[in-house]
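Visitor: Have a peek at upload_9.csv (CSV, C-alpha atoms).
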```csv
chain,number,residue,atom,x,y,z
K,1,MET,CA,-4.5,32.0,15.7
K,2,SER,CA,-1.7,31.1,18.0
K,3,LEU,CA,1.8,30.2,16.8
K,4,LEU,CA,1.3,26.6,18.0
K,5,ILE,CA,-2.0,26.1,16.2
K,6,LYS,CA,-0.4,27.6,13.0
K,7,ARG,CA,2.4,25.1,13.4
K,8,PHE,CA,0.0,22.2,14.0
K,9,LEU,CA,-2.0,23.0,10.9
K,10,THR,CA,1.2,23.4,8.9
K,11,VAL,CA,2.3,19.9,10.0
K,12,LEU,CA,-1.1,18.5,8.9
K,13,VAL,CA,-0.8,20.1,5.5
K,14,PHE,CA,2.8,18.9,5.2
K,15,VAL,CA,1.6,15.3,6.1
K,16,ILE,CA,-1.2,15.4,3.6
K,17,ILE,CA,1.1,16.7,0.8
K,18,THR,CA,3.8,14.1,1.6
K,19,ILE,CA,1.3,11.2,1.6
K,20,ALA,CA,-0.3,12.5,-1.7
K,21,GLY,CA,3.1,12.8,-3.2
K,22,GLY,CA,4.0,9.2,-2.3
K,23,LEU,CA,0.8,7.9,-3.7
K,24,LEU,CA,1.1,9.9,-6.9
K,25,ILE,CA,4.6,8.6,-7.5
K,26,GLU,CA,3.3,5.0,-7.0
K,27,ALA,CA,0.4,5.6,-9.4
K,28,PHE,CA,2.9,6.9,-12.0
K,29,LEU,CA,5.2,3.9,-11.5
K,30,SER,CA,2.2,1.5,-11.7
K,31,LEU,CA,1.1,3.0,-15.0
K,32,LYS,CA,4.6,2.6,-16.3
K,33,ALA,CA,5.0,-1.0,-15.0
K,34,GLY,CA,1.6,-2.1,-16.4
K,35,TRP,CA,0.4,-3.4,-13.0
K,36,LEU,CA,0.7,-2.6,-9.4
K,37,PHE,CA,4.2,-1.2,-8.7
K,38,GLY,CA,4.2,-2.8,-5.2
K,39,HIS,CA,4.0,-6.2,-6.9
K,40,THR,CA,7.0,-5.7,-9.2
K,41,GLN,CA,10.6,-6.5,-8.2
K,42,THR,CA,11.4,-2.8,-8.0
K,43,GLY,CA,8.3,-2.3,-5.8
K,44,HIS,CA,9.5,-5.0,-3.4
K,45,LEU,CA,13.0,-3.4,-3.3
K,46,VAL,CA,11.5,0.0,-2.4
K,47,GLY,CA,9.6,-1.7,0.4
K,48,TRP,CA,12.8,-3.3,1.8
K,49,VAL,CA,14.8,-0.1,1.5
K,50,GLY,CA,11.9,1.8,3.2
K,51,LEU,CA,12.0,-0.8,6.1
K,52,ALA,CA,15.8,-0.5,6.3
K,53,VAL,CA,15.5,3.3,6.6
K,54,ILE,CA,12.8,3.0,9.2
K,55,LEU,CA,15.1,0.7,11.2
K,56,LEU,CA,17.7,3.4,11.3
K,57,VAL,CA,15.2,5.4,13.4
K,58,PHE,CA,15.7,3.0,16.3
K,59,ILE,CA,19.5,3.7,16.8
K,60,TYR,CA,18.7,7.0,18.6
K,61,PRO,CA,16.3,5.7,21.2
K,62,LEU,CA,18.4,2.5,21.8
K,63,LYS,CA,21.6,4.6,22.3
K,64,LYS,CA,19.7,7.0,24.6
K,65,ARG,CA,18.4,4.2,26.7
K,66,TYR,CA,21.4,1.8,26.9
K,67,ARG,CA,24.5,3.8,25.9
K,68,ARG,CA,23.7,7.3,27.1
K,69,LYS,CA,27.3,8.5,27.1
K,70,ALA,CA,28.1,7.2,23.6
K,71,GLY,CA,28.9,10.0,21.1
K,72,TRP,CA,27.0,11.9,18.4
K,73,PRO,CA,23.6,12.1,20.3
K,74,LYS,CA,22.4,15.2,18.3
K,75,GLY,CA,23.5,13.4,15.1
K,76,TRP,CA,21.5,10.3,15.8
K,77,PHE,CA,18.5,12.4,16.7
K,78,TRP,CA,18.9,14.1,13.3
K,79,VAL,CA,19.0,10.6,11.7
K,80,HIS,CA,15.9,9.6,13.8
K,81,GLN,CA,13.9,12.6,12.4
K,82,VAL,CA,15.1,12.4,8.8
K,83,ALA,CA,14.8,8.6,8.5
K,84,GLY,CA,11.5,8.8,10.3
K,85,ILE,CA,10.1,10.8,7.3
K,86,ILE,CA,12.0,9.3,4.3
K,87,GLY,CA,11.3,5.7,5.4
K,88,PRO,CA,7.5,6.1,5.6
K,89,VAL,CA,7.5,8.0,2.2
K,90,LEU,CA,9.3,5.0,0.6
K,91,ILE,CA,6.7,2.7,2.2
K,92,PHE,CA,3.9,4.8,0.7
K,93,ILE,CA,5.6,4.6,-2.8
K,94,HIS,CA,5.9,0.8,-2.2
K,95,ALA,CA,2.2,0.4,-1.1
K,96,GLY,CA,0.3,3.0,-3.1
K,97,SER,CA,-3.4,3.6,-2.5
K,98,HIS,CA,-4.3,-0.1,-2.8
K,99,PHE,CA,-5.9,-0.8,0.5
K,100,HIS,CA,-7.2,-4.4,0.4
K,101,ALA,CA,-5.3,-6.8,2.7
K,102,LEU,CA,-6.0,-5.8,6.3
K,103,VAL,CA,-2.6,-6.6,7.8
K,104,PRO,CA,-0.6,-4.1,5.6
K,105,VAL,CA,-3.4,-1.5,6.0
K,106,LEU,CA,-3.1,-1.8,9.8
K,107,ALA,CA,0.7,-1.6,9.6
K,108,MET,CA,0.4,1.5,7.4
K,109,LEU,CA,-2.0,3.1,9.8
K,110,ALA,CA,0.3,2.4,12.8
K,111,MET,CA,3.2,3.8,10.8
K,112,VAL,CA,1.2,7.0,10.0
K,113,ILE,CA,0.3,7.4,13.7
K,114,VAL,CA,3.9,6.9,14.9
K,115,THR,CA,5.3,9.3,12.2
K,116,VAL,CA,2.7,12.1,12.6
K,117,SER,CA,3.1,12.0,16.5
K,118,GLY,CA,6.8,12.2,16.0
K,119,VAL,CA,6.6,15.2,13.6
K,120,LEU,CA,4.1,16.9,15.9
K,121,ALA,CA,6.6,16.4,18.8
K,122,SER,CA,9.4,17.9,16.9
K,123,ALA,CA,7.6,20.8,15.2
K,124,VAL,CA,4.9,21.8,17.8
K,125,HIS,CA,5.5,20.4,21.3
K,126,ARG,CA,9.2,21.3,21.3
K,127,LYS,CA,8.3,24.9,20.4
K,128,ALA,CA,5.6,24.9,23.1
K,129,LEU,CA,8.1,23.8,25.7
K,130,TYR,CA,10.7,26.3,24.7
K,131,LEU,CA,8.1,29.2,24.7
K,132,LEU,CA,6.9,28.1,28.1
K,133,ASN,CA,10.3,27.8,29.6
K,134,ASP,CA,11.5,31.1,28.1
K,135,LYS,CA,8.5,33.0,29.4
K,136,ARG,CA,8.9,31.4,32.9
K,137,LYS,CA,12.5,32.5,33.1
K,138,GLU,CA,11.5,36.0,31.9
K,139,LEU,CA,8.8,36.4,34.6
K,140,LEU,CA,11.0,35.0,37.4
K,141,ASN,CA,13.8,37.4,36.4
K,142,GLN,CA,11.3,40.2,36.9
K,143,GLY,CA,11.2,39.1,40.5
K,144,LEU,CA,7.6,37.8,40.5
K,145,PRO,CA,6.8,35.0,43.0
K,146,LEU,CA,6.6,31.5,41.6
K,147,GLU,CA,2.8,31.2,42.3
K,148,VAL,CA,2.1,34.3,40.3
K,149,VAL,CA,4.3,33.2,37.5
K,150,GLU,CA,2.5,29.8,37.3
K,151,ASP,CA,-0.8,31.5,37.4
K,152,ARG,CA,0.1,33.8,34.5
K,153,LEU,CA,1.5,30.9,32.5
K,154,HIS,CA,-1.7,28.8,32.9
K,155,ASP,CA,-2.8,29.0,29.2
K,156,MET,CA,0.7,28.4,27.8
K,157,ALA,CA,1.1,25.4,30.2
K,158,SER,CA,-2.2,24.0,29.1
K,159,SER,CA,-1.2,24.2,25.4
K,160,GLU,CA,2.1,22.5,26.2
K,161,GLU,CA,0.3,19.8,28.1
K,162,ALA,CA,-2.2,19.2,25.3
K,163,PHE,CA,0.6,18.7,22.7
K,164,ARG,CA,2.5,16.4,25.2
K,165,ILE,CA,0.0,13.7,24.2
K,166,TRP,CA,2.5,12.7,21.4
K,167,GLN,CA,4.6,11.0,24.2
K,168,VAL,CA,1.8,8.6,25.1
K,169,ILE,CA,1.3,7.8,21.4
K,170,HIS,CA,4.7,7.8,19.7
K,171,ALA,CA,6.8,5.2,21.6
K,172,PRO,CA,4.0,2.7,22.6
K,173,MET,CA,2.6,2.7,19.1
K,174,VAL,CA,6.0,1.6,17.8
K,175,ILE,CA,5.5,-1.7,19.5
K,176,LEU,CA,2.2,-2.2,17.6
K,177,PHE,CA,3.8,-1.0,14.3
K,178,LEU,CA,6.8,-3.4,14.6
K,179,ALA,CA,4.5,-6.3,15.3
K,180,LEU,CA,2.3,-5.5,12.3
K,181,VAL,CA,5.4,-5.0,10.0
K,182,VAL,CA,6.9,-8.3,11.0
K,183,THR,CA,3.5,-10.0,10.4
K,184,HIS,CA,3.1,-8.2,7.0
K,185,VAL,CA,6.7,-9.2,5.9
K,186,ALA,CA,6.2,-12.8,7.1
K,187,GLY,CA,2.9,-13.0,5.1
K,188,ALA,CA,4.4,-11.4,2.0
K,189,LEU,CA,7.3,-13.9,2.0
K,190,TYR,CA,4.9,-16.8,2.7
K,191,PHE,CA,2.5,-16.0,-0.1
K,192,GLY,CA,4.8,-14.1,-2.5
K,193,GLY,CA,8.0,-16.2,-2.1
K,194,VAL,CA,11.3,-15.6,-0.5
H,195,MET,CA,14.4,18.8,26.0
H,196,ARG,CA,13.1,17.0,29.1
H,197,PHE,CA,10.0,15.0,29.2
H,198,LEU,CA,8.0,13.4,31.9
H,199,PRO,CA,8.2,9.6,32.0
H,200,LEU,CA,5.5,7.7,30.2
H,201,PRO,CA,2.5,6.6,32.3
H,202,ARG,CA,3.3,3.1,33.5
H,203,ASN,CA,0.1,1.7,32.1
H,204,ALA,CA,0.7,3.0,28.6
H,205,VAL,CA,3.3,0.5,27.6
H,206,LEU,CA,1.4,-2.4,29.3
H,207,PHE,CA,-1.8,-1.4,27.5
H,208,ILE,CA,-0.1,-1.3,24.1
H,209,VAL,CA,1.7,-4.6,24.7
H,210,MET,CA,-1.6,-6.2,25.6
H,211,THR,CA,-3.3,-4.7,22.6
H,212,THR,CA,-0.5,-6.0,20.4
H,213,LEU,CA,-0.8,-9.5,21.7
H,214,VAL,CA,-4.6,-9.5,21.3
H,215,LEU,CA,-4.2,-8.2,17.7
H,216,LEU,CA,-1.7,-10.8,16.9
H,217,ALA,CA,-3.9,-13.6,18.3
H,218,TRP,CA,-6.8,-12.2,16.2
H,219,VAL,CA,-4.5,-12.2,13.1
H,220,VAL,CA,-3.7,-15.8,13.6
H,221,TRP,CA,-7.4,-16.7,14.1
H,222,ALA,CA,-8.6,-14.6,11.1
H,223,THR,CA,-5.8,-16.1,8.9
H,224,PHE,CA,-7.6,-19.4,9.1
H,225,LYS,CA,-11.1,-17.9,9.1
H,226,TYR,CA,-10.9,-15.0,6.6
H,227,PRO,CA,-7.5,-15.4,4.8
H,228,GLU,CA,-8.5,-13.2,1.8
H,229,THR,CA,-9.5,-10.3,4.0
H,230,LEU,CA,-6.2,-10.3,5.8
H,231,TRP,CA,-3.7,-11.2,3.1
H,232,SER,CA,-5.1,-10.8,-0.4
H,233,PRO,CA,-3.7,-7.7,-2.1
H,234,GLY,CA,-6.8,-7.5,-4.4
H,235,ASP,CA,-9.8,-9.5,-5.6
H,236,LEU,CA,-9.2,-12.4,-7.9
H,237,SER,CA,-10.1,-12.0,-11.5
H,238,ARG,CA,-13.3,-13.6,-12.9
H,239,PHE,CA,-11.2,-16.4,-14.3
H,240,HIS,CA,-10.2,-17.6,-10.9
H,241,ALA,CA,-13.1,-16.4,-8.8
H,242,ASP,CA,-14.1,-19.9,-7.8
H,243,ILE,CA,-10.8,-20.5,-6.0
H,244,ALA,CA,-11.3,-20.3,-2.2
H,245,ASP,CA,-8.0,-21.5,-0.7
H,246,CYS,CA,-4.8,-19.4,-1.1
H,247,ASN,CA,-2.7,-22.6,-1.1
H,248,ASP,CA,-4.4,-23.7,-4.3
H,249,CYS,CA,-2.1,-21.3,-6.1
H,250,HIS,CA,0.5,-20.3,-3.6
H,251,GLN,CA,3.3,-22.5,-2.3
H,252,PRO,CA,4.6,-21.5,1.1
H,253,PHE,CA,7.6,-19.2,0.7
H,254,ARG,CA,7.7,-19.8,-3.1
H,255,GLY,CA,4.8,-17.7,-4.2
H,256,ALA,CA,2.4,-18.6,-7.0
H,257,ALA,CA,4.4,-21.6,-8.3
H,258,ALA,CA,4.0,-22.9,-11.8
H,259,GLU,CA,3.4,-26.4,-10.4
H,260,LYS,CA,0.2,-25.1,-8.8
H,261,CYS,CA,-1.0,-23.5,-12.1
H,262,ILE,CA,-0.5,-26.6,-14.2
H,263,ALA,CA,-2.4,-28.7,-11.7
H,264,CYS,CA,-5.5,-27.1,-13.3
H,265,HIS,CA,-4.1,-25.8,-16.6
H,266,THR,CA,-2.9,-29.2,-17.7
H,267,ARG,CA,-1.4,-29.9,-21.2
H,268,ASN,CA,-4.6,-31.8,-22.0
H,269,SER,CA,-6.8,-28.8,-21.0
H,270,PHE,CA,-4.8,-26.6,-23.3
H,271,VAL,CA,-5.1,-29.0,-26.2
H,272,THR,CA,-8.9,-29.6,-25.7
H,273,GLN,CA,-10.0,-26.1,-24.6
H,274,SER,CA,-7.7,-23.6,-26.3
H,275,LYS,CA,-6.8,-22.7,-29.8
H,276,SER,CA,-3.7,-24.5,-31.2
H,277,THR,CA,-1.7,-21.2,-31.4
H,278,LEU,CA,-2.3,-20.6,-27.6
H,279,SER,CA,-1.4,-24.2,-26.8
H,280,GLU,CA,1.8,-24.0,-28.9
H,281,SER,CA,2.9,-20.6,-27.5
H,282,HIS,CA,2.6,-21.9,-24.0
H,283,GLN,CA,4.6,-25.0,-24.9
H,284,LYS,CA,7.3,-22.8,-26.4
H,285,MET,CA,7.4,-20.6,-23.2
H,286,LYS,CA,7.7,-23.8,-21.1
H,287,PHE,CA,10.7,-24.9,-23.1
H,288,GLU,CA,12.2,-21.4,-22.8
H,289,GLY,CA,12.0,-21.9,-19.0
H,290,LYS,CA,9.6,-19.1,-18.5
H,291,SER,CA,7.4,-19.1,-15.4
H,292,CYS,CA,3.6,-18.5,-15.6
H,293,SER,CA,4.1,-15.3,-13.5
H,294,ASP,CA,6.4,-13.8,-16.1
H,295,CYS,CA,3.3,-13.1,-18.3
H,296,HIS,CA,0.3,-13.5,-15.9
H,297,THR,CA,-0.7,-11.6,-12.8
H,298,GLU,CA,-3.6,-11.9,-10.3
H,299,HIS,CA,-5.4,-10.0,-7.5
H,300,SER,CA,-6.0,-7.0,-9.7
H,301,GLY,CA,-9.8,-7.1,-9.4
H,302,ALA,CA,-12.7,-9.1,-10.8
H,303,LEU,CA,-12.7,-7.4,-14.2
H,304,ALA,CA,-8.9,-7.1,-14.6
H,305,GLN,CA,-7.0,-8.9,-17.3
H,306,ILE,CA,-4.4,-11.3,-16.1
H,307,SER,CA,-2.2,-11.6,-19.1
H,308,SER,CA,0.6,-9.1,-19.6
H,309,GLY,CA,-0.2,-8.6,-23.3
H,310,ALA,CA,-3.9,-8.0,-22.5
H,311,LEU,CA,-3.5,-5.7,-19.6
H,312,ILE,CA,-4.6,-2.7,-21.8
H,313,ASN,CA,-7.9,-3.7,-23.4
H,314,PRO,CA,-9.0,-1.0,-25.8
H,315,HIS,CA,-12.5,-2.3,-25.9
H,316,GLY,CA,-13.1,-2.1,-22.2
H,317,GLU,CA,-14.6,-5.0,-20.2
H,318,PHE,CA,-17.9,-4.5,-21.9
H,319,VAL,CA,-16.8,-6.5,-25.0
H,320,PHE,CA,-16.6,-9.7,-22.9
H,321,ARG,CA,-20.2,-9.3,-21.7
H,322,ALA,CA,-21.4,-8.3,-25.1
H,323,THR,CA,-19.8,-11.3,-26.8
H,324,ASP,CA,-20.0,-13.7,-24.0
H,325,THR,CA,-16.3,-14.5,-24.3
H,326,HIS,CA,-13.7,-14.6,-21.7
H,327,SER,CA,-10.4,-13.9,-23.4
H,328,CYS,CA,-8.9,-11.7,-26.1
H,329,SER,CA,-7.9,-14.8,-28.1
H,330,ALA,CA,-11.7,-15.5,-28.7
H,331,CYS,CA,-11.5,-12.8,-31.4
H,332,HIS,CA,-7.7,-12.2,-31.9
H,333,ASP,CA,-4.8,-14.2,-33.1
H,334,PHE,CA,-1.8,-12.9,-31.0
H,335,SER,CA,0.7,-15.2,-32.6
H,336,ALA,CA,0.6,-13.2,-35.8
H,337,ARG,CA,0.3,-9.7,-34.4
H,338,ASP,CA,2.6,-6.9,-35.5
H,339,GLU,CA,3.8,-4.3,-33.1
H,340,THR,CA,0.4,-2.5,-32.7
H,341,HIS,CA,-2.4,-4.8,-33.8
H,342,ALA,CA,-3.5,-8.3,-33.1
H,343,LYS,CA,-4.9,-10.1,-36.1
H,344,LEU,CA,-8.7,-10.5,-36.2
H,345,LEU,CA,-10.0,-14.1,-36.4
H,346,ASP,CA,-12.6,-15.1,-38.9
H,347,SER,CA,-14.8,-16.7,-36.2
H,348,ALA,CA,-18.5,-16.7,-35.6
H,349,THR,CA,-18.2,-14.3,-32.8
H,350,VAL,CA,-16.3,-11.8,-34.9
H,351,ARG,CA,-18.7,-12.1,-37.8
H,352,HIS,CA,-21.7,-11.7,-35.6
H,353,LEU,CA,-20.1,-8.6,-34.0
H,354,LEU,CA,-19.4,-7.0,-37.3
H,355,GLU,CA,-22.9,-7.7,-38.6
H,356,GLU,CA,-24.5,-6.2,-35.5
H,357,GLY,CA,-24.8,-2.4,-34.8
H,358,GLU,CA,-26.5,-1.3,-38.0
H,359,GLY,CA,-23.2,-0.6,-39.8
H,360,ALA,CA,-21.5,1.1,-36.8
H,361,HIS,CA,-19.3,-2.0,-36.1
H,362,GLN,CA,-16.7,-1.6,-38.7
H,363,LEU,CA,-13.1,-2.4,-38.8
H,364,GLY,CA,-11.1,0.4,-37.2
H,365,LYS,CA,-14.1,1.6,-35.3
H,366,MET,CA,-14.1,-1.1,-32.7
H,367,GLY,CA,-11.3,0.2,-30.5
H,368,HIS,CA,-13.4,2.0,-27.9
H,369,CYS,CA,-16.8,0.3,-27.4
H,370,LEU,CA,-17.6,2.5,-24.5
H,371,ASP,CA,-17.6,5.6,-26.7
H,372,CYS,CA,-21.0,4.5,-27.8
H,373,HIS,CA,-22.0,2.0,-25.2
H,374,LYS,CA,-21.9,4.3,-22.2
H,375,GLY,CA,-22.1,2.6,-18.9
H,376,GLY,CA,-22.1,-0.8,-20.6
H,377,ARG,CA,-25.5,-0.1,-22.2
H,378,LEU,CA,-26.5,0.3,-25.8
H,379,ASN,CA,-26.7,4.1,-26.1
H,380,ILE,CA,-26.9,4.6,-29.8
H,381,LYS,CA,-29.7,6.8,-31.1
H,382,ASP,CA,-31.5,5.7,-34.2
H,383,GLU,CA,-31.1,8.0,-37.2
H,384,GLY,CA,-34.8,8.8,-37.1
H,385,ASP,CA,-34.7,10.1,-33.5
```
Any chance you could give the structure as structure tokens?
Guide:
Amino acid sequence: MSLLIKRFLTVLVFVIITIAGGLLIEAFLSLKAGWLFGHTQTGHLVGWVGLAVILLVFIYPLKKRYRRKAGWPKGWFWVHQVAGIIGPVLIFIHAGSHFHALVPVLAMLAMVIVTVSGVLASAVHRKALYLLNDKRKELLNQGLPLEVVEDRLHDMASSEEAFRIWQVIHAPMVILFLALVVTHVAGALYFGGV
Amino acid sequence: MRFLPLPRNAVLFIVMTTLVLLAWVVWATFKYPETLWSPGDLSRFHADIADCNDCHQPFRGAAAEKCIACHTRNSFVTQSKSTLSESHQKMKFEGKSCSDCHTEHSGALAQISSGALINPHGEFVFRATDTHSCSACHDFSARDETHAKLLDSATVRHLLEEGEGAHQLGKMGHCLDCHKGGRLNIKDEGD
């Protein structure tokens, strides 16, 4: 099994354990509260905090796009990655495993797709890119012609390209996720009260 | 880390998908509001309610004014036991909201009163006795910390007489220990 496949499977196991952890915490809190935790005041608060943490994620792409020279780029990327995991976990604790209303279910699904594609980018695709570039440098330093190098790197390049799919999913799905979150929050305030 | 730019059509595709989805949400909100917005099925007590706005006031939640439109003072006096009517009057004077003690959308068989959320008998007892609330057999106004007082009503007397001696005080906590799957599952002594 290649290193990339191992990393891919590790990410999947990590995602499943994280989701299960969030759902178990919600189940415990629901038992303690006597009814669904997400419908309690604390449950609502956890939802708002989760949303606030998720919004922190957008500082990095906005700064990258509009204020490229502004400071602390690595720091904001770190915030992007950490908040991109903690925020969704809080949302899972807020929501639990009660999938009934379609709008929050779709919002949750979009959130999972965005988060998992981001984690795959960070844990698998970045590694694939580094491995490919390092190997290319090594072969070129040996004096091999570019065509031969590219030929030898065909398999590695294919793997890198396969995992590059996260790019097509991650950023565009954010649009769908945000639209569904706004719809869910509007509906929750309309039916549940401000 | 350098990446290739996104395909030009990717963003356009997702924006179009989002717009179509939002249009569908607006349409389905009017057509199937429960599917889109309800966090759970209504209890059997409110199963006949079809319009969300019968109970919810926009941006104010499940408002007490909506509850008392059906649960009027008259209905309490004529349909409930005096203790229940009095306890609700008392809570009203204390300024408590209906949602302080009651919940909804927890499923067709769920209890909706905070004191009755844990029903030791299971839902089977309601079917077996053809009752709809705990207060059909219990007086909650006189309960101590752990037990509700048993009423001396026809339902209670009938229940105690049934079951060939199995229905005794102190043995009624878990109906489903004997009535598995909601069916009478007690073997006769001769079997």
Visitor: Segment 202-210 of chain H: which residues within 7 Å, counting all atoms listed in the file, same-chain residues fewer than 5 positions away excluded, as a ChimeraX atom specification?
Guide: /K:168,172-173,176
Visitor: To one decimal in Å, tell me the separation between atom CA of Asp248 of chain H and atom CA of Lys225 of chain H.
Guide: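 Pair atom CA of Asp248 of chain H / atom CA of Lys225 of chain H returns 16.1 Å.
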Visitor: Around all the atoms of segment 353-365 of chain H listed in the file, with 8 Å of room on each side, what axis-aligned box do you get, giving centre and edge lengths in Å to one decimal, as AutoDock Vina command-line options?
Guide:
```
--center_x -18.8 --center_y -3.5 --center_z -36.9 --size_x 31.4 --size_y 26.2 --size_z 21.8
```
Visitor: Could you work out which residues of chain K fall inside 10 Å of chain H? Count only C-alpha atoms, and format the result as a PyMOL selection string.
Guide: chain K and resi 34-36+38-39+98-106+126+129-130+164+167-169+171-180+183-184+186-194
Visitor: Could you tell me which of H:Asp371, H:Asp245, H:Asp294, H:Glu259 comes closest to His315 of chain H if we count all atoms listed in the file?
Guide: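 That would be H:Asp371, the residue with the smallest distance to His315 of chain H.
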Visitor: Mind listing whatever residues come within 10 Å of the point (-3.3, -15.5, -19.7)? Use all atoms listed in the file, file coordinates, and give them as a compact mmCIF listing (two decimals) with C-alpha atoms, keeping the file's coordinate frame.
Guide:
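Final file, out-v7.txt:
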```txt
# COMPACT_ATOMS: atom_id res chain seq x y z
CA PHE H 239 -11.20 -16.40 -14.30
CA LEU H 278 -2.30 -20.60 -27.60
CA HIS H 282 2.60 -21.90 -24.00
CA CYS H 292 3.60 -18.50 -15.60
CA SER H 293 4.10 -15.30 -13.50
CA CYS H 295 3.30 -13.10 -18.30
CA HIS H 296 0.30 -13.50 -15.90
CA THR H 297 -0.70 -11.60 -12.80
CA GLN H 305 -7.00 -8.90 -17.30
CA ILE H 306 -4.40 -11.30 -16.10
CA SER H 307 -2.20 -11.60 -19.10
CA SER H 308 0.60 -9.10 -19.60
CA GLY H 309 -0.20 -8.60 -23.30
CA ALA H 310 -3.90 -8.00 -22.50
CA LEU H 311 -3.50 -5.70 -19.60
CA SER H 327 -10.40 -13.90 -23.40
CA CYS H 328 -8.90 -11.70 -26.10
CA SER H 329 -7.90 -14.80 -28.10
```
Visitor: In file coordinates, which residues lie within 6 Å of (13.9, 3.5, 1.1) using all atoms listed in the file, given as a PyMOL selection string?
Guide: chain K and resi 46+49-50+53+87+90
Visitor: In Å, rounded to a single decimal, give me how far atom CA of Thr40 of chain K is from atom CA of Glu26 of chain K.
Guide: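 Computing it gives 11.5 Å between the two atoms.
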Visitor: Between K:Gly84, K:Gly118, K:Pro145, K:Gly96, which is the closest to Ala20 of chain K once you count only C-alpha atoms?
Guide: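 Among the listed residues, the smallest separation from Ala20 of chain K belongs to K:Gly96.
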